[in-house]
$ cat final_7.cif   # mmCIF, C-alpha atoms
data_run
loop_
_atom_site.label_atom_id
_atom_site.label_comp_id
_atom_site.auth_asym_id
_atom_site.auth_seq_id
_atom_site.Cartn_x
_atom_site.Cartn_y
_atom_site.Cartn_z
CA GLY A 22 -42.56 9.86 50.02
CA ASN A 23 -45.47 7.56 49.36
CA SER A 24 -49.00 8.85 49.70
CA VAL A 25 -52.58 8.01 48.83
CA THR A 26 -55.33 10.52 48.10
CA GLN A 27 -58.93 9.41 48.00
CA MET A 28 -62.13 11.31 47.55
CA GLU A 29 -63.54 12.96 50.60
CA GLY A 30 -66.73 11.62 52.03
CA PRO A 31 -69.22 11.05 53.13
CA VAL A 32 -70.87 9.60 50.05
CA THR A 33 -74.58 8.82 50.15
CA LEU A 34 -76.24 6.85 47.37
CA SER A 35 -79.53 5.14 46.76
CA GLU A 36 -79.66 1.38 46.49
CA GLU A 37 -78.79 0.09 42.99
CA ALA A 38 -76.88 3.27 42.11
CA PHE A 39 -73.46 3.19 40.44
CA LEU A 40 -70.52 3.80 42.75
CA THR A 41 -67.12 5.32 42.08
CA ILE A 42 -64.64 6.19 44.81
CA ASN A 43 -61.56 7.87 43.42
CA CYS A 44 -58.06 7.01 44.57
CA THR A 45 -54.75 8.35 43.30
CA TYR A 46 -51.30 7.65 44.62
CA THR A 47 -47.73 8.90 44.70
CA ALA A 48 -45.01 6.35 45.11
CA THR A 49 -41.37 5.74 44.42
CA GLY A 50 -40.97 2.37 42.83
CA TYR A 51 -43.71 -0.06 41.87
CA PRO A 52 -46.41 -0.35 44.50
CA SER A 53 -49.14 -2.89 44.97
CA LEU A 54 -52.55 -1.29 45.46
CA PHE A 55 -55.37 -2.31 47.74
CA TRP A 56 -58.87 -1.44 48.77
CA TYR A 57 -59.82 -2.27 52.35
CA VAL A 58 -63.33 -2.03 53.79
CA GLN A 59 -64.31 -1.34 57.39
CA TYR A 60 -67.84 -2.25 58.44
CA PRO A 61 -69.28 -0.53 61.52
CA GLY A 62 -67.57 -1.64 64.71
CA GLU A 63 -65.10 -3.91 62.96
CA GLY A 64 -61.50 -3.94 61.82
CA LEU A 65 -60.43 -3.53 58.22
CA GLN A 66 -60.82 -6.34 55.71
CA LEU A 67 -59.15 -6.67 52.36
CA LEU A 68 -61.68 -6.05 49.58
CA LEU A 69 -59.45 -6.36 46.52
CA LYS A 70 -55.92 -5.82 45.31
CA ALA A 71 -53.77 -5.40 42.20
CA THR A 72 -50.05 -5.96 42.12
CA LYS A 73 -49.00 -4.53 38.76
CA ALA A 74 -50.06 -2.06 36.11
CA ASP A 75 -53.28 -2.88 34.21
CA ASP A 76 -54.26 -5.56 36.72
CA LYS A 77 -57.91 -5.51 37.72
CA GLY A 78 -58.87 -6.52 41.23
CA SER A 79 -62.43 -7.64 41.86
CA ASN A 80 -64.51 -8.99 44.72
CA LYS A 81 -68.17 -8.88 45.81
CA GLY A 82 -69.12 -6.91 42.66
CA PHE A 83 -66.46 -4.26 43.29
CA GLU A 84 -63.69 -3.63 40.77
CA ALA A 85 -60.59 -1.46 40.54
CA THR A 86 -57.97 -1.24 37.79
CA TYR A 87 -54.35 -0.32 38.44
CA ARG A 88 -53.66 2.60 36.07
CA LYS A 89 -49.99 3.47 36.10
CA GLU A 90 -50.34 6.27 33.53
CA THR A 91 -52.79 8.16 35.74
CA THR A 92 -51.48 6.75 39.07
CA SER A 93 -55.01 5.78 39.99
CA PHE A 94 -56.94 2.86 41.45
CA HIS A 95 -60.59 3.93 41.46
CA LEU A 96 -63.14 1.66 43.13
CA GLU A 97 -66.37 0.95 41.22
CA LYS A 98 -69.52 -1.06 41.68
CA GLY A 99 -72.40 -1.20 39.25
CA SER A 100 -75.27 -1.57 41.70
CA VAL A 101 -74.73 -0.90 45.39
CA GLN A 102 -76.67 -2.47 48.23
CA VAL A 103 -77.48 -1.29 51.72
CA SER A 104 -74.99 -3.86 53.02
CA ASP A 105 -72.18 -2.00 51.21
CA SER A 106 -72.44 0.84 53.72
CA ALA A 107 -68.97 1.05 55.25
CA VAL A 108 -65.74 3.03 55.20
CA TYR A 109 -63.46 2.28 52.26
CA PHE A 110 -59.69 2.77 52.38
CA CYS A 111 -57.33 2.84 49.44
CA ALA A 112 -53.78 1.76 50.28
CA LEU A 113 -50.44 1.13 48.64
CA LEU A 114 -47.57 -1.14 49.53
CA ILE A 115 -43.95 -0.82 48.59
CA SER A 116 -41.74 -3.76 49.42
CA ASN A 117 -38.18 -2.84 50.26
CA PHE A 118 -36.02 -5.87 50.96
CA GLY A 119 -38.78 -7.48 53.04
CA ASN A 120 -39.59 -4.25 54.81
CA GLU A 121 -43.21 -3.73 53.86
CA LYS A 122 -45.47 -0.97 55.05
CA LEU A 123 -48.96 -0.09 53.94
CA THR A 124 -49.76 3.55 53.35
CA PHE A 125 -53.48 4.32 53.70
CA GLY A 126 -55.71 7.04 52.38
CA THR A 127 -57.98 8.87 54.77
CA GLY A 128 -61.00 6.70 54.06
CA THR A 129 -64.36 7.38 52.39
CA ARG A 130 -67.54 6.74 54.31
CA LEU A 131 -70.27 5.30 52.09
CA THR A 132 -73.93 5.18 53.11
CA ILE A 133 -76.50 3.43 50.95
CA ILE A 134 -80.13 4.30 51.54
CA PRO A 135 -82.96 1.93 50.56
CA ASN B 25 -58.46 -19.97 63.83
CA ALA B 26 -59.26 -16.92 65.91
CA GLY B 27 -57.26 -14.67 63.55
CA VAL B 28 -56.07 -11.44 65.17
CA THR B 29 -57.40 -10.74 68.64
CA GLN B 30 -57.10 -7.53 70.62
CA THR B 31 -57.86 -6.72 74.23
CA PRO B 32 -59.40 -4.70 75.69
CA LYS B 33 -62.14 -3.47 73.35
CA PHE B 34 -62.57 -0.22 75.25
CA GLN B 35 -60.38 1.60 77.75
CA VAL B 36 -60.51 4.93 79.54
CA LEU B 37 -57.30 6.27 81.03
CA LYS B 38 -56.37 9.37 82.95
CA THR B 39 -53.52 11.52 81.70
CA GLY B 40 -50.20 10.10 82.87
CA GLN B 41 -51.40 6.53 83.36
CA SER B 42 -49.71 3.68 81.53
CA MET B 43 -51.23 0.60 80.00
CA THR B 44 -50.62 -2.20 77.52
CA LEU B 45 -52.83 -3.03 74.58
CA GLN B 46 -52.66 -6.71 73.80
CA CYS B 47 -52.53 -8.25 70.33
CA ALA B 48 -52.24 -11.90 69.39
CA GLN B 49 -52.48 -13.85 66.14
CA ASP B 50 -52.66 -17.58 65.53
CA MET B 51 -51.80 -17.61 61.82
CA ASN B 52 -48.01 -17.86 62.27
CA HIS B 53 -47.55 -14.52 60.54
CA GLU B 54 -44.10 -12.98 60.64
CA TYR B 55 -45.18 -9.40 60.16
CA MET B 56 -47.22 -7.55 62.79
CA SER B 57 -48.03 -3.90 63.11
CA TRP B 58 -49.95 -1.33 65.14
CA TYR B 59 -51.99 1.48 63.63
CA ARG B 60 -54.02 4.27 65.08
CA GLN B 61 -57.14 5.53 63.36
CA ASP B 62 -58.18 9.13 63.77
CA PRO B 63 -61.02 10.97 62.01
CA GLY B 64 -59.93 12.46 58.69
CA MET B 65 -56.47 10.91 58.92
CA GLY B 66 -56.95 7.31 57.94
CA LEU B 67 -54.67 4.76 59.57
CA ARG B 68 -51.18 5.71 60.64
CA LEU B 69 -48.48 3.19 61.43
CA ILE B 70 -47.12 3.34 64.98
CA HIS B 71 -44.68 0.40 65.19
CA TYR B 72 -44.15 -2.80 63.30
CA SER B 73 -42.24 -6.06 63.58
CA VAL B 74 -40.91 -8.35 60.88
CA GLY B 75 -40.36 -11.23 63.27
CA ALA B 76 -39.77 -12.22 66.87
CA GLY B 77 -37.11 -10.02 68.46
CA ILE B 78 -37.27 -7.38 65.69
CA THR B 79 -39.26 -4.16 65.92
CA ASP B 80 -39.09 -0.80 64.20
CA GLN B 81 -40.79 2.57 64.27
CA GLY B 82 -43.54 3.62 61.96
CA GLU B 83 -44.91 7.04 61.18
CA VAL B 84 -46.08 8.06 64.68
CA PRO B 85 -44.05 6.14 67.30
CA ASN B 86 -43.67 8.77 70.03
CA GLY B 87 -45.25 7.81 73.33
CA TYR B 88 -45.50 4.12 72.46
CA ASN B 89 -43.27 1.10 73.02
CA VAL B 90 -43.46 -2.39 71.57
CA SER B 91 -41.70 -5.70 71.95
CA ARG B 92 -41.99 -9.01 70.12
CA SER B 93 -40.84 -11.92 72.23
CA THR B 94 -42.94 -14.50 70.37
CA THR B 95 -44.35 -14.82 66.86
CA GLU B 96 -47.87 -14.74 68.23
CA ASP B 97 -47.88 -11.66 70.46
CA PHE B 98 -47.19 -7.99 69.81
CA PRO B 99 -48.23 -5.77 72.75
CA LEU B 100 -48.31 -1.98 72.51
CA ARG B 101 -47.41 -0.01 75.62
CA LEU B 102 -48.45 3.53 76.35
CA LEU B 103 -45.86 4.89 78.71
CA SER B 104 -47.66 8.00 80.00
CA ALA B 105 -51.03 8.50 78.37
CA ALA B 106 -51.92 11.89 76.89
CA PRO B 107 -55.24 13.16 75.49
CA SER B 108 -53.62 13.21 72.03
CA GLN B 109 -53.49 9.41 72.23
CA THR B 110 -57.27 9.17 72.26
CA SER B 111 -57.88 7.04 69.21
CA VAL B 112 -58.88 3.64 67.89
CA TYR B 113 -55.95 1.25 67.77
CA PHE B 114 -55.71 -1.63 65.33
CA CYS B 115 -53.26 -4.49 65.29
CA ALA B 116 -52.58 -6.29 62.02
CA SER B 117 -50.57 -9.27 60.87
CA SER B 118 -49.47 -10.70 57.56
CA THR B 119 -47.03 -12.89 55.70
CA PRO B 120 -44.73 -10.63 53.70
CA GLY B 121 -44.49 -10.93 49.95
CA LEU B 122 -46.25 -8.95 47.28
CA ALA B 123 -48.17 -11.88 45.86
CA THR B 124 -49.73 -12.85 49.16
CA HIS B 125 -49.65 -9.69 51.14
CA GLU B 126 -52.98 -9.28 52.88
CA GLN B 127 -52.96 -7.68 56.27
CA TYR B 128 -55.42 -9.19 58.72
CA PHE B 129 -56.77 -6.70 61.22
CA GLY B 130 -58.03 -7.16 64.72
CA PRO B 131 -61.34 -5.63 65.84
CA GLY B 132 -59.67 -2.62 67.45
CA THR B 133 -59.31 -1.02 70.87
CA ARG B 134 -61.06 2.28 71.46
CA LEU B 135 -58.96 4.31 73.90
CA THR B 136 -60.03 7.53 75.58
CA VAL B 137 -57.56 9.57 77.60
CA THR B 138 -59.07 12.20 79.87
#

$ encode --input "final_7.cif" --output "structure tokens"
Amino acid sequence: GNSVTQMEGPVTLSEEAFLTINCTYTATGYPSLFWYVQYPGEGLQLLLKATKADDKGSNKGFEATYRKETTSFHLEKGSVQVSDSAVYFCALLISNFGNEKLTFGTGTRLTIIP
Amino acid sequence: NAGVTQTPKFQVLKTGQSMTLQCAQDMNHEYMSWYRQDPGMGLRLIHYSVGAGITDQGEVPNGYNVSRSTTEDFPLRLLSAAPSQTSVYFCASSTPGLATHEQYFGPGTRLTVT
């Protein structure tokens, strides 16, 4: 079956530090890959996505590259801010004749300290 | 647009009680789904619908019912609440298709079953 594995949290960093949150996946077929972010007390929001191998998704200074050879989609940011404190979810989507379901990782809680 | 709305925000039930969690979207999305979020387990799909009159089971459907009589609404019914159903519930909607697939999430309902 399809699955997503992401690094366990929580992760605590100082402001302006470099961030990497690892994500690897197992899937039959050719998935699209996503990072969603959940700020405290809110629902999930799409942060970025990539729909095919070697695509790079980017948004708000975050980047992730779809690596088919390593089945990975690691999230990176060069200089984090306190406002980036949130829970980050990696997810994959396989479309099967219009039947589309997202499979989520367990989430990584990120805390940025000033 | 209000996006995806969920009511109530918080609910406490006693074991054996029933209730309906409401979800509505005003984006004319065909696809709607319900997830539950539990610590260390990410989001798990309960039920989903690809259009009015069509529903299907997700990963953890037991103890829940859904119906989709309109495009806008997708209520989730707990038939006889159990403590194991204590969780945060999220409704999401989207327009299927890999190129556009972004799921929009509601703010969530925090349910406690005692």

$ residues_around --input "final_7.cif" --residues "Lys89 in chain A" --least-positions-apart "4" --cutoff "8 Å" --atoms "only C-alpha atoms" --output "VMD selection string"
chain A and resid 74 to 75 93

$ closest_residue --input "final_7.cif" --among "B:Leu102, B:Ser108, B:Thr31, B:Leu67" --to "chain A" --atoms "all atoms listed in the file"
B:Leu67

$ closest_atom_pairs --input "final_7.cif" --of "chain A" --to "chain B" --cutoff "12 Å" --atoms "only C-alpha atoms" --output "CSV"
residue,atom,partner,partner_atom,distance
A:Gly22,CA,B:Glu83,CA,11.7
A:Asn23,CA,B:Glu83,CA,11.8
A:Ser24,CA,B:Gly66,CA,11.6
A:Val25,CA,B:Gly66,CA,10.1
A:Thr26,CA,B:Gly66,CA,10.5
A:Gln27,CA,B:Gly66,CA,10.4
A:Met28,CA,B:Gly64,CA,11.4
A:Glu29,CA,B:Gly64,CA,8.9
A:Gly30,CA,B:Gly64,CA,9.6
A:Pro31,CA,B:Gly64,CA,10.9
A:Tyr51,CA,B:Leu122,CA,10.7
A:Pro52,CA,B:Leu122,CA,9.0
A:Ser53,CA,B:Leu122,CA,7.1
A:Leu54,CA,B:Leu122,CA,10.1
A:Phe55,CA,B:Glu126,CA,9.0
A:Trp56,CA,B:Glu126,CA,10.6
A:Tyr57,CA,B:Gln127,CA,9.6
A:Val58,CA,B:Phe129,CA,11.0
A:Gln59,CA,B:Pro131,CA,9.9
A:Tyr60,CA,B:Pro131,CA,10.4
A:Pro61,CA,B:Pro131,CA,10.4
A:Gly62,CA,B:Pro131,CA,7.5
A:Glu63,CA,B:Pro131,CA,5.0
A:Gly64,CA,B:Pro131,CA,4.4
A:Leu65,CA,B:Phe129,CA,5.7
A:Gln66,CA,B:Tyr128,CA,6.8
A:Leu67,CA,B:Glu126,CA,6.7
A:Leu68,CA,B:Glu126,CA,9.8
A:Leu69,CA,B:Glu126,CA,9.5
A:Lys70,CA,B:Glu126,CA,8.8
A:Ala71,CA,B:Ala123,CA,9.3
A:Thr72,CA,B:Leu122,CA,7.1
A:Lys73,CA,B:Leu122,CA,10.0
A:Val108,CA,B:Gly66,CA,10.2
A:Tyr109,CA,B:Gly66,CA,10.0
A:Phe110,CA,B:Gly66,CA,7.7
A:Cys111,CA,B:Gly66,CA,9.6
A:Ala112,CA,B:Leu67,CA,9.8
A:Leu113,CA,B:Leu122,CA,11.0
A:Leu114,CA,B:Leu122,CA,8.2
A:Ile115,CA,B:Leu122,CA,8.6
A:Ser116,CA,B:Leu122,CA,7.2
A:Asn117,CA,B:Gly121,CA,10.3
A:Phe118,CA,B:Gly121,CA,9.9
A:Gly119,CA,B:Pro120,CA,6.8
A:Asn120,CA,B:Val74,CA,7.4
A:Glu121,CA,B:Pro120,CA,7.1
A:Lys122,CA,B:Leu69,CA,8.2
A:Leu123,CA,B:Leu69,CA,8.2
A:Thr124,CA,B:Arg68,CA,7.7
A:Phe125,CA,B:Leu67,CA,6.0
A:Gly126,CA,B:Gly66,CA,5.7
A:Thr127,CA,B:Gly66,CA,3.7
A:Gly128,CA,B:Gly66,CA,5.6
A:Thr129,CA,B:Gly64,CA,9.2
A:Arg130,CA,B:Gly64,CA,10.5

$ atom_distance --input "final_7.cif" --atom1 "CA of Glu96 in chain B" --atom2 "CA of Thr29 in chain B"
10.3 Å

$ closest_residue --input "final_7.cif" --among "B:Asn52, B:Gln41, B:Thr136, B:Thr110" --to "Gly27 in chain B" --atoms "all atoms listed in the file"
B:Asn52

$ resolve_selection --input "final_7.cif" --expression "the PyMOL selection byres ((chain A and resi 37-41) around 10)" --output "MDAnalysis selection string"
chainID A and resid 28 32:36 42:44 83:85 95:103 131 133:135

$ closest_residue --input "final_7.cif" --among "A:Asp76, A:Thr91, A:Thr49, A:Lys81" --to "Ser104 in chain A" --atoms "only C-alpha atoms"
A:Lys81

$ atom_distance --input "final_7.cif" --atom1 "CA of Thr132 in chain A" --atom2 "CA of Ser111 in chain B"
22.8 Å

$ residues_around --input "final_7.cif" --residues "Pro107 in chain B" --least-positions-apart "6" --cutoff "12 Å" --atoms "only C-alpha atoms" --output "number ranges by chain"
B: 36-41, 87, 135-138

$ closest_residue --input "final_7.cif" --among "B:Ala48, B:Ala105, B:Met43, B:Ala26" --to "Ser117 in chain B" --atoms "all atoms listed in the file"
B:Ala48

$ atom_distance --input "final_7.cif" --atom1 "CA of Gln46 in chain B" --atom2 "CA of Ser106 in chain A"
29.2 Å

$ closest_residue --input "final_7.cif" --among "A:Gly82, A:Ala48, A:Lys77, A:Glu90" --to "Asp105 in chain A" --atoms "all atoms listed in the file"
A:Gly82

$ resolve_selection --input "final_7.cif" --expression "the PyMOL selection byres ((chain B and resi 76) around 10)" --output "CSV table (one decimal) with C-alpha atoms, keeping the file's coordinate frame"
chain,number,residue,atom,x,y,z
B,54,GLU,CA,-44.1,-13.0,60.6
B,55,TYR,CA,-45.2,-9.4,60.2
B,56,MET,CA,-47.2,-7.6,62.8
B,73,SER,CA,-42.2,-6.1,63.6
B,74,VAL,CA,-40.9,-8.4,60.9
B,75,GLY,CA,-40.4,-11.2,63.3
B,77,GLY,CA,-37.1,-10.0,68.5
B,78,ILE,CA,-37.3,-7.4,65.7
B,79,THR,CA,-39.3,-4.2,65.9
B,91,SER,CA,-41.7,-5.7,72.0
B,92,ARG,CA,-42.0,-9.0,70.1
B,93,SER,CA,-40.8,-11.9,72.2
B,94,THR,CA,-42.9,-14.5,70.4
B,95,THR,CA,-44.4,-14.8,66.9
B,96,GLU,CA,-47.9,-14.7,68.2
B,97,ASP,CA,-47.9,-11.7,70.5
B,98,PHE,CA,-47.2,-8.0,69.8
